[in-house]
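Heads up, the thing below is written out as structure tokens.
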Amino acid sequence: MSINCYAAKNQSETLTPYSYDPSALGGWDIEVAITHCGICHSDLHLIDNDWGVSSYPLIPGHEIIGTVTAKGEHVEDFAVGERVGIGWQRSSCQQCEWCHKGEENLCAKQEATCVGHAGGFAEKIRADSRFAFSIPEDLPSEQAAPLLCGGATVYSPLATRGVKPTDRVGIVGIGGLGHLAVQFAHAFGCEVTAFSHSPDKEVEAKKLGADHFISSTDKAALEKAAGSLDFILVTISAPLDWEVYLDLLRPYGMLCFVGAQEKPICSSFMKLLEGRKAICASNIASCPDMKDMLRFAAQHGIKAQIELFPMSRVNDAIDKLRAGKIRYRAVLYTGE
Ligand code: NAP
Ligand code: ZN
């Protein structure tokens with residue numbers, strides 16, 4: 001059997017049709033007929049080999065929704081025909097302290113769905129069922145797909161870093177991750193400030209649940225808001241003046257990065273010391289957090305705002321994402 005997909009044959013190249021023979025279905029594996037796949041900015045980082053981990057041909061895609069078409073002998077959690085989602089993580093050792101604690105995203109041997117393996121810009125995928133998730137009925141597939149990476153990545157730090165309903169939370173960057181973060185923080189009960197370098201996003205950010213909107217590059221506006229926030233989640237990879245953002249925090253405040261930053265964040269120790277402030281980062285979500293996130297999203301009506309593209313137009317979607325023009329997540333669909 002071979003699987004049809006779209007792949008970048010070399011660094012930064014346009015994707016072209018490709019096919020590959022999958023490995024035999026293992027005992028814990030499921031085969032999934034893909035219906036939808038979101039395009040995360042990490043897919044672009046991988047196509048461009050920004051992190052030096054890409055190998056080509058590279059088949060991106062790690063916000064996958066589809067239907068189980070076959071399963072290995074150990075798989076009891078899923079039935080053939082069931083709708084499932086697959087995110088960034090494809091495996092872990094299942095034996096280390098972190099795997100035993102249900103924090104597989106911290107396992108030193110974890111592997112990613114589309115790093116060295118074929119991802120979801122494809123008609124099918126074979127994946128470890130222990131890293132696949134049931135999708136609550138209330139979540140339509142096209143709006144659920146971006147939750148599998150983007151949603152999980154922003155939900156997890158809000159849920160695990162002690163954010164309280166009384167907290168004042170800033171979300172920096174209202175893109176794929178950020179527009180979901182605004183919805184989650186609002187549903188957590190927090191007072192939410194959206195920081196964006198796109199003034200035309202103000203109305204929509206407020207509709208998504210932001211109480212306030214500040215230009216992420218307006219120095220005067222940022223200075224005026226100094227000392228007003230308890231937790232800031234940075235969802236962008238662009239380098240801003242993060243010391244100004246540290247000043248936005250109240251004592252004990254936390255500046256948490258999920259956007260892939262390449263440059264040093266802060267050179268002033270005193271900015272941390274004086275207010276007992278913290279800088280941290282967060283990667284994807286554990287499997288238990290992923291399940292909680294999906295249930296919470298269904299309960300609170302959290303849905304990605306999407307632009308749909310047939311898989312054959314994957315390059316149009318990628319070009320639009322590169323240009324910063326997607327509102328707010330591009331999602332590919334199969335079966336056109
Ligand atoms: P995205 O949809 O492209 O959104 C990024 C946002 O960054 C844009 O919408 C824009 O928001 C802001 N931005 C872009 N250029 C900017 C500039 N020059 N100055 C200031 N802001 C700028 O990307 P995404 O899919 O949300 O991913 C965001 C980052 O998270 C990527 O680096 C991705 O690799 C990373 N990521 C990390 C994890 C993890 O596990 N930690 C998981 C998934 C993704 P505004 O228009 O509102 O300013
Ligand atoms: Zn992602």
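Each chain of the structure tokens is named A, B, ... in the order shown, its residues numbered from 1; ligands are numbered from 1 in display order.
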
>> Can you pull out the residues contacting Trp242 (chain A)? Cut-off 9 Å, using only C-alpha atoms, and skip same-chain residues under 4 positions away; I want them as a list in words.
In response: Leu246, Asp247, Leu255, Ile265 and Cys266 of chain A

Quick one: contact table of chain A to ligand 2, 9 Å max, nearest atom pair and distance in Å to one decimal per residue, counting only C-alpha atoms and all ligand atoms, chain and number order, as a tab-separated table?
residue	atom	partner	partner_atom_place_in_ligand_line	distance
A:Gly38	CA	ligand 2	1 (Zn)	8.6
A:Ile39	CA	ligand 2	1 (Zn)	7.6
A:Cys40	CA	ligand 2	1 (Zn)	4.5
A:His41	CA	ligand 2	1 (Zn)	6.4
A:Ser42	CA	ligand 2	1 (Zn)	5.0
A:Asp43	CA	ligand 2	1 (Zn)	6.8
A:Gly61	CA	ligand 2	1 (Zn)	8.2
A:His62	CA	ligand 2	1 (Zn)	6.3
A:Glu63	CA	ligand 2	1 (Zn)	6.9
A:Gly87	CA	ligand 2	1 (Zn)	7.6
A:Trp88	CA	ligand 2	1 (Zn)	6.1
A:Pro146	CA	ligand 2	1 (Zn)	8.3
A:Leu148	CA	ligand 2	1 (Zn)	8.0
A:Cys149	CA	ligand 2	1 (Zn)	4.6
A:Gly150	CA	ligand 2	1 (Zn)	5.7
A:Thr153	CA	ligand 2	1 (Zn)	8.0
A:Leu177	CA	ligand 2	1 (Zn)	8.6
A:Ile284	CA	ligand 2	1 (Zn)	7.9

Keeping only C-alpha atoms, write the selected residues as a short mmCIF file (atom, residue, chain, number, x, y, z; two decimals), in the first residue's frame.
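And here's selection32.cif as it stands now:
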data_model
loop_
_atom_site.label_atom_id
_atom_site.label_comp_id
_atom_site.auth_asym_id
_atom_site.auth_seq_id
_atom_site.Cartn_x
_atom_site.Cartn_y
_atom_site.Cartn_z
CA GLY A 38 -4.45 22.40 10.27
CA ILE A 39 -1.33 24.28 9.18
CA CYS A 40 0.66 25.36 12.23
CA HIS A 41 3.50 27.86 11.91
CA SER A 42 5.76 25.03 13.12
CA ASP A 43 5.08 23.32 9.76
CA GLY A 61 1.06 18.31 9.20
CA HIS A 62 0.43 17.66 12.90
CA GLU A 63 -3.10 18.98 13.51
CA GLY A 87 -1.11 16.26 17.27
CA TRP A 88 2.61 17.08 17.36
CA PRO A 146 -6.18 23.32 15.17
CA LEU A 148 -4.55 19.27 18.35
CA CYS A 149 -1.41 21.44 18.41
CA GLY A 150 -2.33 25.12 18.68
CA THR A 153 -0.01 24.35 23.36
CA LEU A 177 -2.18 29.90 18.73
CA ILE A 284 2.81 21.20 23.46
#

> Suppose you want the space between CA of Pro140 (chain A) and CA of Gly26 (chain A); what is it in Å?
Replying inline: 29.2 Å

> Do you know which residues are at most 12 Å from Pro57 (chain A) counting only C-alpha atoms, after dropping those on the same chain fewer than 3 positions away, and could you put them as a PyMOL selection string?
Replying inline: chain A and resi 5-20+46-47+49+54+60+114-119

>> For the structure I just gave you, how does DSSP split region 65-219 of chain A - specifically, which residues are strand (DSSP E)? Reply as an MDAnalysis selection string.
In response: chainID A and resid 65:71 83:86 89:91 111:112 124:128 132:134 168:172 191:196 212:215

Could you write out that same residue set with C-alpha atoms as a JSON list (two decimals), in the first residue's frame?
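File produced: part-v4.json:
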[["chain", "number", "residue", "atom", "x", "y", "z"],
["A", 65, "ILE", "CA", -8.45, 14.78, 12.26],
["A", 66, "GLY", "CA", -9.61, 11.60, 10.57],
["A", 67, "THR", "CA", -11.38, 8.28, 10.86],
["A", 68, "VAL", "CA", -9.84, 5.01, 12.05],
["A", 69, "THR", "CA", -9.67, 2.53, 9.16],
["A", 70, "ALA", "CA", -7.55, -0.23, 10.76],
["A", 71, "LYS", "CA", -6.05, -1.01, 14.16],
["A", 83, "ARG", "CA", -13.15, 9.99, 14.68],
["A", 84, "VAL", "CA", -9.76, 10.76, 16.18],
["A", 85, "GLY", "CA", -7.23, 13.57, 16.37],
["A", 86, "ILE", "CA", -3.42, 13.41, 16.26],
["A", 89, "GLN", "CA", 3.78, 14.11, 19.45],
["A", 90, "ARG", "CA", 3.82, 10.65, 17.87],
["A", 91, "SER", "CA", 5.58, 8.57, 20.52],
["A", 111, "GLU", "CA", 9.25, 11.81, 18.65],
["A", 112, "ALA", "CA", 7.23, 14.28, 16.59],
["A", 124, "LYS", "CA", -3.82, 8.67, 5.47],
["A", 125, "ILE", "CA", -1.45, 8.21, 8.39],
["A", 126, "ARG", "CA", -0.37, 5.30, 10.56],
["A", 127, "ALA", "CA", 0.12, 6.41, 14.15],
["A", 128, "ASP", "CA", 0.53, 5.12, 17.70],
["A", 132, "ALA", "CA", -4.42, 9.73, 19.33],
["A", 133, "PHE", "CA", -7.47, 11.35, 20.94],
["A", 134, "SER", "CA", -11.24, 10.97, 20.68],
["A", 168, "ARG", "CA", -5.06, 39.39, 34.49],
["A", 169, "VAL", "CA", -3.64, 37.56, 31.49],
["A", 170, "GLY", "CA", -1.89, 38.95, 28.41],
["A", 171, "ILE", "CA", -1.76, 37.07, 25.11],
["A", 172, "VAL", "CA", 0.95, 38.29, 22.73],
["A", 191, "GLU", "CA", -9.33, 39.43, 32.44],
["A", 192, "VAL", "CA", -7.64, 39.18, 29.04],
["A", 193, "THR", "CA", -5.45, 41.70, 27.21],
["A", 194, "ALA", "CA", -4.62, 40.95, 23.57],
["A", 195, "PHE", "CA", -1.28, 42.29, 22.26],
["A", 196, "SER", "CA", -1.10, 42.45, 18.49],
["A", 212, "HIS", "CA", -8.45, 45.02, 26.23],
["A", 213, "PHE", "CA", -6.34, 45.39, 23.07],
["A", 214, "ILE", "CA", -2.85, 46.94, 22.96],
["A", 215, "SER", "CA", -0.51, 47.30, 20.01]]

> Looking at A:Met254, A:Val163, A:Cys280, A:Ala24, which one is nearest to ligand 1, with distances taken over only C-alpha atoms and all ligand atoms?
Replying inline: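 Under the stated criterion, the closest residue is A:Cys280.
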
>> Show me, as a list in words, the residues that have an atom within 10 Å of Glu104 (chain A) when counting only C-alpha atoms, minus same-chain residues fewer than 3 positions from it.
In response: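 Returned residues: Gln89, Ser91, Ser92, Cys93, Gln94, Gln95, Cys96, Glu97, Trp98, Cys99, His100, Lys101, Cys107, Ala108, Lys109, Gln110, Phe131, Ala285, Ser286, Cys287 and Pro288 of chain A.
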
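The shortest atom-to-atom distance to Gly72 (chain A), with only C-alpha atoms taken into account, belongs to A:Ser129 out of A:Val32, A:Phe188, A:Ser129, A:Asp48.
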
>> One number please: atom 15 (N, counted along the ligand's line) of ligand 1 to CA of Ala205 (chain A), in Å, one decimal.
In response: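 Straight-line distance from atom 15 (N, counted along the ligand's line) of ligand 1 to CA of Ala205 (chain A) works out to 16.3 Å.
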
> Which one is closest to ligand 1: A:Ala260, A:Leu294, A:Ile135, A:Ile326? Count only C-alpha atoms and all ligand atoms.
Replying inline: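 Closest residue, counting only C-alpha atoms and all ligand atoms: A:Ala260.
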
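Take the candidates A:Val154, A:Ala159, A:Met293, A:Leu332 and check each one against ligand 1 using only C-alpha atoms and all ligand atoms; the shortest distance goes to A:Val154.
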
>> I'd like the interatomic distance between atom 27 (O, counted along the ligand's line) of ligand 1 and CA of Gly259 (chain A), to a tenth of an Å.
In response: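 Answer for the atom 27 (O, counted along the ligand's line) of ligand 1 to CA of Gly259 (chain A) separation: 5.9 Å.
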
>> For a quick check of understanding, using only C-alpha atoms and all ligand atoms, which of A:Ser282, A:Gln299, A:Ser267, A:Gln305 has the smallest distance to ligand 1?
In response: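 Closest to ligand 1 of all the choices is A:Ser282.
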
> For ligand 1, which of A:His197, A:His186, A:Arg313, A:Lys207 is the closest residue, counting only C-alpha atoms and all ligand atoms?
Replying inline: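 Nearest candidate to ligand 1 out of A:His197, A:His186, A:Arg313, A:Lys207: A:His197.
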
>> Please extract the residues of region 30-257 of chain A with a backbone DSSP assignment of alpha helix (DSSP H) and present them as number ranges by chain.
In response: A: 41-47, 97-100, 141-144, 150-160, 176-187, 202-208, 219-224, 242-248

Contacts of Leu240 (chain A) at 9 Å or less, counting only C-alpha atoms, minus same-chain residues fewer than 4 places along, as an mmCIF file with all heavy atoms, in the first residue's frame?
data_model
loop_
_atom_site.group_PDB
_atom_site.id
_atom_site.type_symbol
_atom_site.label_atom_id
_atom_site.label_comp_id
_atom_site.auth_asym_id
_atom_site.auth_seq_id
_atom_site.Cartn_x
_atom_site.Cartn_y
_atom_site.Cartn_z
ATOM 1 N N SER A 216 1.234 45.591 20.102
ATOM 2 C CA SER A 216 2.390 44.914 20.706
ATOM 3 C C SER A 216 3.695 45.665 20.475
ATOM 4 O O SER A 216 4.721 45.307 21.038
ATOM 5 C CB SER A 216 2.513 43.484 20.172
ATOM 6 O OG SER A 216 2.582 43.482 18.766
ATOM 7 N N THR A 217 3.661 46.702 19.640
ATOM 8 C CA THR A 217 4.892 47.451 19.358
ATOM 9 C C THR A 217 4.777 48.939 19.743
ATOM 10 O O THR A 217 5.686 49.709 19.478
ATOM 11 C CB THR A 217 5.232 47.340 17.851
ATOM 12 O OG1 THR A 217 4.076 47.668 17.102
ATOM 13 C CG2 THR A 217 5.685 45.935 17.490
ATOM 14 N N VAL A 244 10.415 45.075 28.182
ATOM 15 C CA VAL A 244 9.218 45.919 28.325
ATOM 16 C C VAL A 244 8.038 45.045 28.785
ATOM 17 O O VAL A 244 7.218 45.455 29.615
ATOM 18 C CB VAL A 244 8.891 46.621 26.985
ATOM 19 C CG1 VAL A 244 7.555 47.331 27.044
ATOM 20 C CG2 VAL A 244 10.002 47.587 26.596
ATOM 21 N N TYR A 245 7.975 43.820 28.286
ATOM 22 C CA TYR A 245 6.889 42.910 28.684
ATOM 23 C C TYR A 245 7.066 42.445 30.131
ATOM 24 O O TYR A 245 6.075 42.237 30.848
ATOM 25 C CB TYR A 245 6.769 41.741 27.705
ATOM 26 C CG TYR A 245 6.061 42.168 26.433
ATOM 27 C CD1 TYR A 245 6.758 42.838 25.435
ATOM 28 C CD2 TYR A 245 4.701 41.973 26.267
ATOM 29 C CE1 TYR A 245 6.113 43.284 24.290
ATOM 30 C CE2 TYR A 245 4.042 42.408 25.132
ATOM 31 C CZ TYR A 245 4.749 43.069 24.144
ATOM 32 O OH TYR A 245 4.091 43.506 23.028
ATOM 33 N N ILE A 265 16.122 36.261 25.727
ATOM 34 C CA ILE A 265 14.878 36.924 26.115
ATOM 35 C C ILE A 265 15.142 38.163 26.969
ATOM 36 O O ILE A 265 14.488 39.176 26.828
ATOM 37 C CB ILE A 265 13.996 35.949 26.942
ATOM 38 C CG1 ILE A 265 13.757 34.644 26.177
ATOM 39 C CG2 ILE A 265 12.693 36.592 27.368
ATOM 40 C CD1 ILE A 265 13.036 34.807 24.889
#

Can you tell me which residues surround region 178-185 of chain A at a distance of at most 6 Å, considering only C-alpha atoms, apart from same-chain residues fewer than 5 positions away, and format the answer as a compact mmCIF listing (two decimals) with all heavy atoms, in the first residue's frame?
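Produced file result-v8.txt, reproduced below:
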# COMPACT_ATOMS: atom_id res chain seq x y z
N GLY A 151 -4.25 24.56 20.05
CA GLY A 151 -5.09 24.62 21.26
C GLY A 151 -4.38 24.01 22.45
O GLY A 151 -4.37 24.57 23.55
N VAL A 154 -1.48 26.19 23.96
CA VAL A 154 -1.83 27.36 24.78
C VAL A 154 -2.64 26.98 26.03
O VAL A 154 -2.53 27.63 27.07
CB VAL A 154 -2.57 28.45 23.95
CG1 VAL A 154 -1.66 28.97 22.86
CG2 VAL A 154 -3.89 27.96 23.39
N GLY A 173 0.33 38.20 20.38
CA GLY A 173 0.19 37.59 19.06
C GLY A 173 -1.16 36.94 18.92
O GLY A 173 -1.49 36.00 19.65
N CYS A 190 -10.45 34.71 33.27
CA CYS A 190 -9.44 35.76 33.46
C CYS A 190 -9.83 37.05 32.72
O CYS A 190 -10.62 37.02 31.78
CB CYS A 190 -8.09 35.28 32.90
SG CYS A 190 -7.55 33.73 33.64
N LEU A 208 -13.54 37.44 20.46
CA LEU A 208 -13.03 36.14 20.93
C LEU A 208 -12.93 36.09 22.45
O LEU A 208 -12.73 35.02 23.02
CB LEU A 208 -11.64 35.87 20.32
CG LEU A 208 -11.61 35.60 18.81
CD1 LEU A 208 -10.18 35.66 18.29
CD2 LEU A 208 -12.23 34.23 18.50
N GLY A 209 -13.00 37.27 23.10
CA GLY A 209 -12.99 37.27 24.56
C GLY A 209 -11.99 38.21 25.19
O GLY A 209 -11.85 38.23 26.42
N THR A 235 2.90 34.02 22.08
CA THR A 235 2.66 32.99 21.05
C THR A 235 3.38 33.31 19.74
O THR A 235 3.10 32.67 18.73
CB THR A 235 1.15 32.83 20.78
OG1 THR A 235 0.70 33.98 20.04
CG2 THR A 235 0.34 32.69 22.04
